[in-house]
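Next comes start-v3.cif, with mmCIF, C-alpha atoms.
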```cif
data_start
loop_
_atom_site.label_atom_id
_atom_site.label_comp_id
_atom_site.auth_asym_id
_atom_site.auth_seq_id
_atom_site.Cartn_x
_atom_site.Cartn_y
_atom_site.Cartn_z
CA MET C 1 22.32 46.07 5.95
CA PRO C 2 19.95 43.39 7.36
CA SER C 3 21.54 40.32 8.77
CA GLU C 4 20.91 36.81 7.45
CA SER C 5 18.71 35.98 10.44
CA ASP C 6 16.62 39.09 9.79
CA ASN C 7 16.15 37.99 6.17
CA LYS C 8 15.09 34.50 7.29
CA LYS C 9 12.67 36.04 9.73
CA THR C 10 11.17 38.25 6.99
CA ILE C 11 10.92 35.27 4.63
CA ASN C 12 9.21 33.20 7.34
CA GLN C 13 6.79 36.01 8.06
CA GLN C 14 5.99 36.29 4.35
CA LYS C 15 5.57 32.50 4.13
CA THR C 16 3.17 32.60 7.04
CA LYS C 17 1.31 35.46 5.40
CA ILE C 18 1.13 33.55 2.08
CA ASP C 19 -0.07 30.41 3.91
CA SER C 20 -2.72 32.44 5.66
CA GLN C 21 -3.83 33.97 2.36
CA GLN C 22 -3.84 30.49 0.78
CA ASN C 23 -6.05 29.26 3.60
CA THR C 24 -8.41 32.17 3.05
CA ILE C 25 -8.54 31.39 -0.68
CA ASP C 26 -9.16 27.69 0.08
CA ASN C 27 -11.96 28.63 2.45
CA GLN C 28 -13.51 30.91 -0.15
CA ASP C 29 -13.20 28.15 -2.76
CA ALA C 30 -14.98 25.74 -0.45
CA LYS C 31 -17.70 28.32 0.20
CA LEU C 32 -18.11 28.96 -3.54
CA GLU C 33 -18.31 25.23 -4.18
CA ALA C 34 -20.95 24.84 -1.49
CA GLN C 35 -22.89 27.78 -2.94
CA SER C 36 -22.58 26.26 -6.41
CA THR C 37 -23.96 22.92 -5.13
CA GLN C 38 -26.78 24.76 -3.38
CA LEU C 39 -27.58 26.65 -6.59
CA ASP C 40 -27.61 23.37 -8.55
CA GLU C 41 -30.00 21.88 -6.00
CA GLN C 42 -32.23 24.96 -6.16
CA ALA C 43 -32.18 24.81 -9.98
CA SER C 44 -33.22 21.17 -9.79
CA VAL C 45 -36.07 22.01 -7.37
CA ILE C 46 -37.20 24.86 -9.64
CA SER C 47 -37.10 22.54 -12.64
CA ASP C 48 -39.23 19.95 -10.75
CA LEU C 49 -41.67 22.67 -9.71
CA ASN C 50 -41.90 23.88 -13.30
CA ASP C 51 -42.65 20.31 -14.43
CA GLN C 52 -45.31 20.00 -11.75
CA LEU C 53 -46.76 23.37 -12.71
CA GLU C 54 -46.83 22.36 -16.34
CA ALA C 55 -48.48 19.06 -15.44
CA SER C 56 -51.05 20.83 -13.26
CA HIS C 57 -51.93 23.04 -16.24
CA PHE C 58 -52.05 19.98 -18.49
CA GLU C 59 -55.70 19.59 -19.39
CA LEU C 60 -56.73 16.04 -20.03
CA PRO C 61 -59.97 15.71 -21.96
CA MET C 62 -62.22 13.03 -20.46
CA LEU C 63 -65.13 12.24 -22.71
CA LYS C 64 -68.05 10.19 -21.49
CA LEU C 65 -69.11 8.18 -24.53
CA ALA C 66 -71.94 6.39 -22.76
CA SER C 67 -72.80 5.34 -19.25
CA GLN C 68 -69.61 3.92 -17.70
CA ILE C 69 -67.60 4.29 -20.93
CA LEU C 70 -64.79 6.83 -20.93
CA LEU C 71 -62.65 8.12 -23.80
CA VAL C 72 -59.28 9.67 -23.00
CA PRO C 73 -57.41 11.04 -26.05
CA LEU C 74 -53.72 11.61 -25.31
CA ILE C 75 -52.13 14.33 -27.39
CA GLY C 76 -48.54 15.55 -27.74
CA ALA C 77 -45.60 14.44 -25.69
CA VAL C 78 -46.16 12.31 -22.60
CA ASP C 79 -43.44 12.32 -19.97
CA SER C 80 -43.44 10.68 -16.56
CA THR C 81 -45.02 13.70 -14.80
CA LYS C 82 -47.83 13.92 -17.34
CA ALA C 83 -48.29 10.14 -17.27
CA LEU C 84 -48.76 10.26 -13.50
CA LYS C 85 -51.36 13.03 -13.90
CA VAL C 86 -53.15 10.98 -16.59
CA MET C 87 -53.17 7.96 -14.29
CA GLU C 88 -54.53 9.95 -11.33
CA ASP C 89 -57.24 11.60 -13.45
CA ILE C 90 -58.36 8.32 -14.99
CA LEU C 91 -58.43 6.50 -11.65
CA GLN C 92 -60.39 9.35 -10.03
CA ASN C 93 -62.87 9.23 -12.91
CA ILE C 94 -63.25 5.45 -12.53
CA LYS C 95 -64.10 5.91 -8.87
CA ARG C 96 -66.41 8.92 -9.39
CA GLU C 97 -68.29 7.70 -12.48
CA GLU C 98 -67.99 3.94 -11.84
CA THR C 99 -66.38 3.68 -15.26
CA ARG C 100 -66.19 0.11 -16.54
CA VAL C 101 -64.37 0.70 -19.84
CA ALA C 102 -61.71 3.33 -20.52
CA VAL C 103 -60.60 3.88 -24.10
CA ILE C 104 -57.16 5.49 -24.15
CA ASP C 105 -56.48 6.85 -27.61
CA ILE C 106 -52.80 7.36 -28.34
CA ALA C 107 -53.12 8.40 -31.99
CA GLY C 108 -52.08 11.94 -30.98
CA ILE C 109 -48.91 10.91 -29.17
CA LYS C 110 -45.86 12.23 -30.99
CA VAL C 111 -43.19 9.86 -29.74
CA MET C 112 -43.64 6.37 -28.37
CA ASP C 113 -40.58 5.27 -26.46
CA SER C 114 -40.26 2.48 -23.92
CA SER C 115 -40.96 4.84 -21.01
CA VAL C 116 -44.24 6.10 -22.52
CA ALA C 117 -45.27 2.52 -23.31
CA ALA C 118 -44.47 1.43 -19.75
CA HIS C 119 -46.56 4.32 -18.38
CA LEU C 120 -49.51 3.35 -20.58
CA ILE C 121 -49.35 -0.23 -19.40
CA ARG C 122 -49.18 0.89 -15.77
CA ILE C 123 -52.26 3.08 -16.30
CA ALA C 124 -54.16 0.18 -17.86
CA MET C 125 -53.11 -2.19 -15.06
CA ALA C 126 -54.09 0.25 -12.30
CA ALA C 127 -57.46 0.83 -14.00
CA ARG C 128 -58.01 -2.92 -14.21
CA LEU C 129 -57.32 -3.26 -10.47
CA MET C 130 -60.22 -0.84 -9.95
CA GLY C 131 -62.44 -3.04 -12.10
CA CYS C 132 -62.19 -0.98 -15.28
CA ARG C 133 -61.17 -2.53 -18.57
CA SER C 134 -58.78 -0.42 -20.66
CA ILE C 135 -58.60 -0.40 -24.41
CA ILE C 136 -55.60 1.32 -25.97
CA SER C 137 -56.49 2.58 -29.44
CA GLY C 138 -54.77 4.49 -32.19
CA ILE C 139 -51.78 2.21 -32.46
CA SER C 140 -50.35 3.05 -35.84
CA PRO C 141 -48.14 0.61 -37.77
CA VAL C 142 -45.08 2.72 -36.83
CA ILE C 143 -45.95 2.68 -33.12
CA ALA C 144 -46.76 -1.05 -33.27
CA THR C 145 -43.35 -1.73 -34.86
CA ASN C 146 -41.67 0.45 -32.22
CA MET C 147 -43.44 -1.40 -29.44
CA ILE C 148 -42.35 -4.75 -30.84
CA ASN C 149 -38.76 -3.53 -31.21
CA LEU C 150 -38.81 -2.17 -27.65
CA GLY C 151 -40.08 -5.51 -26.38
CA VAL C 152 -43.20 -3.97 -24.83
CA GLU C 153 -45.54 -6.65 -23.53
CA VAL C 154 -49.16 -5.52 -23.48
CA GLY C 155 -50.30 -8.74 -21.81
CA SER C 156 -54.05 -8.86 -21.28
CA ILE C 157 -54.62 -5.24 -22.29
CA THR C 158 -56.84 -4.86 -25.33
CA THR C 159 -55.33 -2.82 -28.14
CA THR C 160 -56.86 -1.68 -31.41
CA ASN C 161 -55.67 0.05 -34.51
CA THR C 162 -58.45 2.60 -34.77
CA LEU C 163 -60.58 4.51 -32.30
CA GLU C 164 -63.66 3.22 -34.11
CA ASP C 165 -62.70 -0.39 -33.30
CA ALA C 166 -62.02 0.56 -29.68
CA ILE C 167 -65.42 2.22 -29.29
CA ALA C 168 -67.11 -0.82 -30.82
CA ARG C 169 -65.23 -3.07 -28.33
CA ALA C 170 -66.17 -0.81 -25.44
CA TYR C 171 -69.86 -0.92 -26.38
CA GLU C 172 -69.66 -4.69 -26.82
CA THR C 173 -68.14 -5.05 -23.34
CA MET C 174 -71.03 -3.10 -21.86
CA GLY C 175 -73.57 -5.17 -23.81
CA LEU C 176 -74.38 -2.23 -26.07
CA ALA C 177 -74.28 -1.97 -29.84
CA LEU C 178 -74.00 0.81 -32.38
CA VAL C 179 -76.56 0.02 -35.03
CA PRO C 180 -77.37 1.97 -38.18
CA LYS C 181 -80.64 3.87 -38.17
CA ALA C 182 -83.34 1.88 -39.98
CA MET X 1 -57.81 -18.95 14.52
CA SER X 2 -60.07 -15.96 15.19
CA PHE X 3 -60.23 -13.12 12.72
CA THR X 4 -62.16 -9.87 12.42
CA SER X 5 -62.74 -9.90 8.67
CA LEU X 6 -66.42 -10.20 7.77
CA ILE X 7 -67.71 -13.20 5.89
CA ASN X 8 -71.11 -13.03 4.20
CA ARG X 9 -72.77 -15.60 1.97
CA SER X 10 -75.34 -14.58 -0.57
CA ARG X 11 -76.44 -15.79 -4.00
CA GLY X 12 -73.86 -18.59 -4.03
CA VAL X 13 -71.02 -16.18 -3.44
CA THR X 14 -68.91 -15.71 -0.35
CA ARG X 15 -67.89 -12.14 0.31
CA VAL X 16 -64.87 -11.60 2.53
CA THR X 17 -64.44 -8.02 3.69
CA LEU X 18 -60.86 -7.98 4.87
CA ALA X 19 -60.20 -6.12 8.11
CA GLU X 20 -57.12 -3.99 8.70
CA SER X 21 -56.30 -5.87 11.91
CA ASP X 22 -56.19 -9.22 10.11
CA ILE X 23 -53.64 -8.21 7.52
CA GLU X 24 -51.52 -6.38 10.06
CA THR X 25 -51.06 -9.38 12.31
CA ASP X 26 -47.81 -11.34 12.39
CA ASP X 27 -49.79 -14.55 12.36
CA PHE X 28 -51.26 -13.90 8.94
CA SER X 29 -50.72 -17.46 7.67
CA ALA X 30 -53.06 -18.74 10.40
CA ILE X 31 -55.60 -16.04 9.43
CA CYS X 32 -55.39 -17.22 5.80
CA ILE X 33 -56.08 -20.82 6.79
CA GLY X 34 -58.86 -19.76 9.17
CA LEU X 35 -60.54 -17.70 6.46
CA SER X 36 -60.19 -20.37 3.79
CA GLU X 37 -61.81 -22.93 6.10
CA GLN X 38 -64.79 -20.63 6.55
CA ILE X 39 -65.29 -20.13 2.81
CA LYS X 40 -67.67 -22.75 1.48
CA ASP X 41 -68.55 -21.38 -1.95
CA VAL X 42 -66.43 -21.68 -5.07
CA ASN X 43 -67.12 -18.06 -5.99
CA VAL X 44 -65.33 -15.71 -3.64
CA VAL X 45 -65.25 -11.92 -3.60
CA LEU X 46 -62.39 -10.44 -1.64
CA ASP X 47 -63.47 -6.95 -0.67
CA LEU X 48 -60.59 -4.58 0.17
CA SER X 49 -62.73 -1.46 0.63
CA ALA X 50 -62.14 -1.43 4.40
CA LEU X 51 -58.38 -1.20 3.93
CA SER X 52 -56.45 2.01 3.46
CA GLY X 53 -52.85 3.13 3.60
CA MET X 54 -51.62 -0.36 2.81
CA THR X 55 -47.92 -1.13 3.02
CA SER X 56 -46.05 -3.39 0.59
CA GLN X 57 -46.11 -6.15 3.20
CA GLU X 58 -49.88 -5.87 3.52
CA PHE X 59 -50.25 -5.98 -0.27
CA ASP X 60 -48.10 -9.11 -0.29
CA ARG X 61 -50.34 -10.67 2.33
CA VAL X 62 -53.52 -9.97 0.38
CA ASN X 63 -51.78 -11.38 -2.71
CA GLN X 64 -50.82 -14.45 -0.70
CA LEU X 65 -54.44 -14.94 0.42
CA CYS X 66 -55.66 -14.70 -3.19
CA HIS X 67 -53.11 -17.31 -4.26
CA LEU X 68 -54.10 -19.60 -1.40
CA LEU X 69 -57.79 -19.38 -2.23
CA THR X 70 -57.05 -20.00 -5.91
CA LEU X 71 -54.99 -23.06 -4.98
CA PHE X 72 -57.97 -24.28 -2.94
CA GLY X 73 -59.99 -24.18 -6.14
CA ARG X 74 -61.86 -20.96 -5.42
CA ASP X 75 -62.73 -18.49 -8.16
CA VAL X 76 -61.53 -15.22 -6.62
CA ILE X 77 -62.47 -11.68 -7.62
CA VAL X 78 -60.83 -8.79 -5.77
CA CYS X 79 -62.91 -5.64 -5.40
CA GLY X 80 -62.87 -2.34 -3.53
CA ILE X 81 -59.39 -1.26 -4.55
CA GLY X 82 -59.01 2.53 -4.26
CA GLU X 83 -57.04 4.84 -6.58
CA VAL X 84 -54.02 5.07 -4.33
CA GLU X 85 -54.02 1.33 -3.65
CA ALA X 86 -54.31 0.61 -7.39
CA MET X 87 -51.24 2.73 -8.14
CA LEU X 88 -49.31 1.11 -5.29
CA ALA X 89 -50.33 -2.40 -6.34
CA VAL X 90 -48.99 -1.74 -9.84
CA THR X 91 -45.77 -0.40 -8.32
CA PHE X 92 -45.42 -3.42 -6.01
CA ASP X 93 -46.47 -5.76 -8.84
CA VAL X 94 -49.14 -7.48 -6.74
CA LEU X 95 -52.77 -8.51 -7.34
CA ILE X 96 -52.44 -7.85 -11.06
CA LYS X 97 -52.88 -11.53 -11.95
CA PHE X 98 -56.28 -11.77 -10.30
CA ARG X 99 -59.72 -10.86 -11.55
CA THR X 100 -60.92 -7.53 -10.27
CA ALA X 101 -64.13 -5.54 -9.92
CA GLN X 102 -65.10 -2.11 -8.69
CA ASN X 103 -67.42 -3.30 -5.95
CA PHE X 104 -69.35 -6.36 -4.81
CA ASP X 105 -72.28 -5.74 -7.17
CA HIS X 106 -69.90 -5.50 -10.11
CA ALA X 107 -68.04 -8.61 -8.96
CA ILE X 108 -71.08 -10.89 -8.81
CA THR X 109 -71.94 -10.06 -12.42
CA GLN X 110 -68.60 -11.55 -13.44
CA PHE X 111 -69.12 -15.10 -12.09
#
```
Spell out the structure here as structure tokens.
Amino acid sequence: MPSESDNKKTINQQKTKIDSQQNTIDNQDAKLEAQSTQLDEQASVISDLNDQLEASHFELPMLKLASQILLVPLIGAVDSTKALKVMEDILQNIKREETRVAVIDIAGIKVMDSSVAAHLIRIAMAARLMGCRSIISGISPVIATNMINLGVEVGSITTTNTLEDAIARAYETMGLALVPKA
Amino acid sequence: MSFTSLINRSRGVTRVTLAESDIETDDFSAICIGLSEQIKDVNVVLDLSALSGMTSQEFDRVNQLCHLLTLFGRDVIVCGIGEVEAMLAVTFDVLIKFRTAQNFDHAITQF
């Protein structure tokens, strides 16, 4: 029959063993947590890359209406990545073609929230800094109401209800006129 | 105060082509005053085409010069802003209150 001291010794050995196993489990937990964080970071990077890839595939039609007059119809959803691409493309066009008036038609934009509105205003302001006047057209009554409710200030940016009005303004700015055939 | 920015007068317009070294100097206030003393015409074109890779501080300085010239009663048009600079200026919220043009030829048609 084992003595009391032998029992204590066995218990202590088992305690030490359990502690050691607990430490191993803790270490594995920490490793798993670190791996989980790393996976989250990688998922985030992949998501960003996907966004960039999508934006790089995003074709932005740039229509030259007349010398130095550009029409950019925006269609679908515009997020911050797409908005940045739109801005870059428009600014590059202004430099390359010496564009003086850019008509940005937003009639095809599905949702107008404060972020999209802010992006549009930034695009117009950056274009103006390069000496190009921007006209934002296609502002429907619903979008206009949304913009008012969101407190969007368009400032000195010209806005029109229809694309037709915007084109007429653009021609007027360039000293041109659309006249009916006699 | 000596400065390296170029000042040209033609057709009643003073064109100031800002030099990188002038907006990088710590004594920019003196440069501003020196430049404004040299500008005799009311119509002024501030050409930024020689500047690239501008920092927020440099943007602030150009903005400051525009304000100073406006306060001195000059009609200022800023031209020669590149794509990258335009995006940065919007981000830093500078120069957006001033009249702008693509280049000098475009600017003089606006006076």
Could you please select, counting only C-alpha atoms, the residues of chain X within 10 Å of chain C and state them as an mmCIF file with C-alpha atoms, in the frame of the given file?
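Final file, result-v8.cif:
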```
data_model
loop_
_atom_site.group_PDB
_atom_site.id
_atom_site.type_symbol
_atom_site.label_atom_id
_atom_site.label_comp_id
_atom_site.auth_asym_id
_atom_site.auth_seq_id
_atom_site.Cartn_x
_atom_site.Cartn_y
_atom_site.Cartn_z
ATOM 1 C CA ILE X 77 -62.470 -11.680 -7.620
ATOM 2 C CA VAL X 78 -60.830 -8.790 -5.770
ATOM 3 C CA CYS X 79 -62.910 -5.640 -5.400
ATOM 4 C CA GLY X 80 -62.870 -2.340 -3.530
ATOM 5 C CA ILE X 81 -59.390 -1.260 -4.550
ATOM 6 C CA GLY X 82 -59.010 2.530 -4.260
ATOM 7 C CA GLU X 83 -57.040 4.840 -6.580
ATOM 8 C CA VAL X 84 -54.020 5.070 -4.330
ATOM 9 C CA GLU X 85 -54.020 1.330 -3.650
ATOM 10 C CA ALA X 86 -54.310 0.610 -7.390
ATOM 11 C CA MET X 87 -51.240 2.730 -8.140
ATOM 12 C CA LEU X 88 -49.310 1.110 -5.290
ATOM 13 C CA ALA X 89 -50.330 -2.400 -6.340
ATOM 14 C CA VAL X 90 -48.990 -1.740 -9.840
ATOM 15 C CA THR X 91 -45.770 -0.400 -8.320
ATOM 16 C CA ASP X 93 -46.470 -5.760 -8.840
ATOM 17 C CA VAL X 94 -49.140 -7.480 -6.740
ATOM 18 C CA LEU X 95 -52.770 -8.510 -7.340
ATOM 19 C CA ILE X 96 -52.440 -7.850 -11.060
ATOM 20 C CA LYS X 97 -52.880 -11.530 -11.950
ATOM 21 C CA PHE X 98 -56.280 -11.770 -10.300
ATOM 22 C CA ARG X 99 -59.720 -10.860 -11.550
ATOM 23 C CA THR X 100 -60.920 -7.530 -10.270
ATOM 24 C CA ALA X 101 -64.130 -5.540 -9.920
ATOM 25 C CA GLN X 102 -65.100 -2.110 -8.690
ATOM 26 C CA ASN X 103 -67.420 -3.300 -5.950
ATOM 27 C CA HIS X 106 -69.900 -5.500 -10.110
ATOM 28 C CA ALA X 107 -68.040 -8.610 -8.960
#
```
Non-local contacts of Thr158 of chain C (10 Å; all atoms listed in the file; under 4 positions in same chain excluded) as number ranges by chain: C: 103, 124, 133-137, 154, 166, 169
For each of C:Thr37, C:Ser140, C:Gln21, C:Asn50, take the minimum atom-to-atom distance to Asn161 of chain C, counting all atoms listed in the file, then give the residue where this is smallest.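 Nearest candidate to Asn161 of chain C out of C:Thr37, C:Ser140, C:Gln21, C:Asn50: C:Ser140.
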So that I can check the surroundings of Glu153 of chain C, please list as a list in words every protein, DNA and RNA residue that reaches within 10 Å of it, counting only C-alpha atoms and ignoring chain neighbours fewer than 4 positions away.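 Residues near the query, excluding close chain neighbours: Ala117, Ala118, Ile121, Met147, Ile148 and Ile157 of chain C.
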In Å and to one decimal, atom CA of Gln68 of chain C is distant from atom CA of Thr109 of chain X by 15.1 Å
Work out how far apart atom CA of Ala107 of chain C and atom CA of Asn146 of chain C are and give it in Å to one decimal.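 Taking atom CA of Ala107 of chain C and atom CA of Asn146 of chain C, their separation equals 13.9 Å.
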Please complete segment 126-140 of chain C with N, CA and C atoms and give it back as a CSV table (one decimal), in the coordinates of the input.
```csv
chain,number,residue,atom,x,y,z
C,126,ALA,N,-53.5,-0.4,-13.5
C,126,ALA,CA,-54.1,0.2,-12.3
C,126,ALA,C,-55.6,0.4,-12.5
C,127,ALA,N,-56.0,0.7,-13.7
C,127,ALA,CA,-57.5,0.8,-14.0
C,127,ALA,C,-58.1,-0.5,-13.8
C,128,ARG,N,-57.4,-1.6,-14.3
C,128,ARG,CA,-58.0,-2.9,-14.2
C,128,ARG,C,-58.2,-3.3,-12.7
C,129,LEU,N,-57.2,-2.9,-11.9
C,129,LEU,CA,-57.3,-3.3,-10.5
C,129,LEU,C,-58.6,-2.6,-9.9
C,130,MET,N,-59.0,-1.5,-10.5
C,130,MET,CA,-60.2,-0.8,-10.0
C,130,MET,C,-61.5,-1.3,-10.7
C,131,GLY,N,-61.3,-2.4,-11.4
C,131,GLY,CA,-62.4,-3.0,-12.1
C,131,GLY,C,-62.8,-2.4,-13.4
C,132,CYS,N,-61.9,-1.7,-14.0
C,132,CYS,CA,-62.2,-1.0,-15.3
C,132,CYS,C,-61.3,-1.6,-16.4
C,133,ARG,N,-61.9,-2.0,-17.5
C,133,ARG,CA,-61.2,-2.5,-18.6
C,133,ARG,C,-60.6,-1.4,-19.4
C,134,SER,N,-59.4,-1.5,-19.8
C,134,SER,CA,-58.8,-0.4,-20.7
C,134,SER,C,-58.6,-0.9,-22.1
C,135,ILE,N,-58.9,-0.1,-23.0
C,135,ILE,CA,-58.6,-0.4,-24.4
C,135,ILE,C,-57.7,0.7,-24.9
C,136,ILE,N,-56.5,0.3,-25.4
C,136,ILE,CA,-55.6,1.3,-26.0
C,136,ILE,C,-55.8,1.3,-27.5
C,137,SER,N,-56.2,2.5,-28.0
C,137,SER,CA,-56.5,2.6,-29.4
C,137,SER,C,-55.5,3.6,-30.1
C,138,GLY,N,-55.6,3.6,-31.4
C,138,GLY,CA,-54.8,4.5,-32.2
C,138,GLY,C,-53.3,4.0,-32.3
C,139,ILE,N,-53.1,2.7,-32.3
C,139,ILE,CA,-51.8,2.2,-32.5
C,139,ILE,C,-51.5,2.1,-33.9
C,140,SER,N,-50.7,3.0,-34.4
C,140,SER,CA,-50.4,3.0,-35.8
C,140,SER,C,-49.3,2.0,-36.1
```
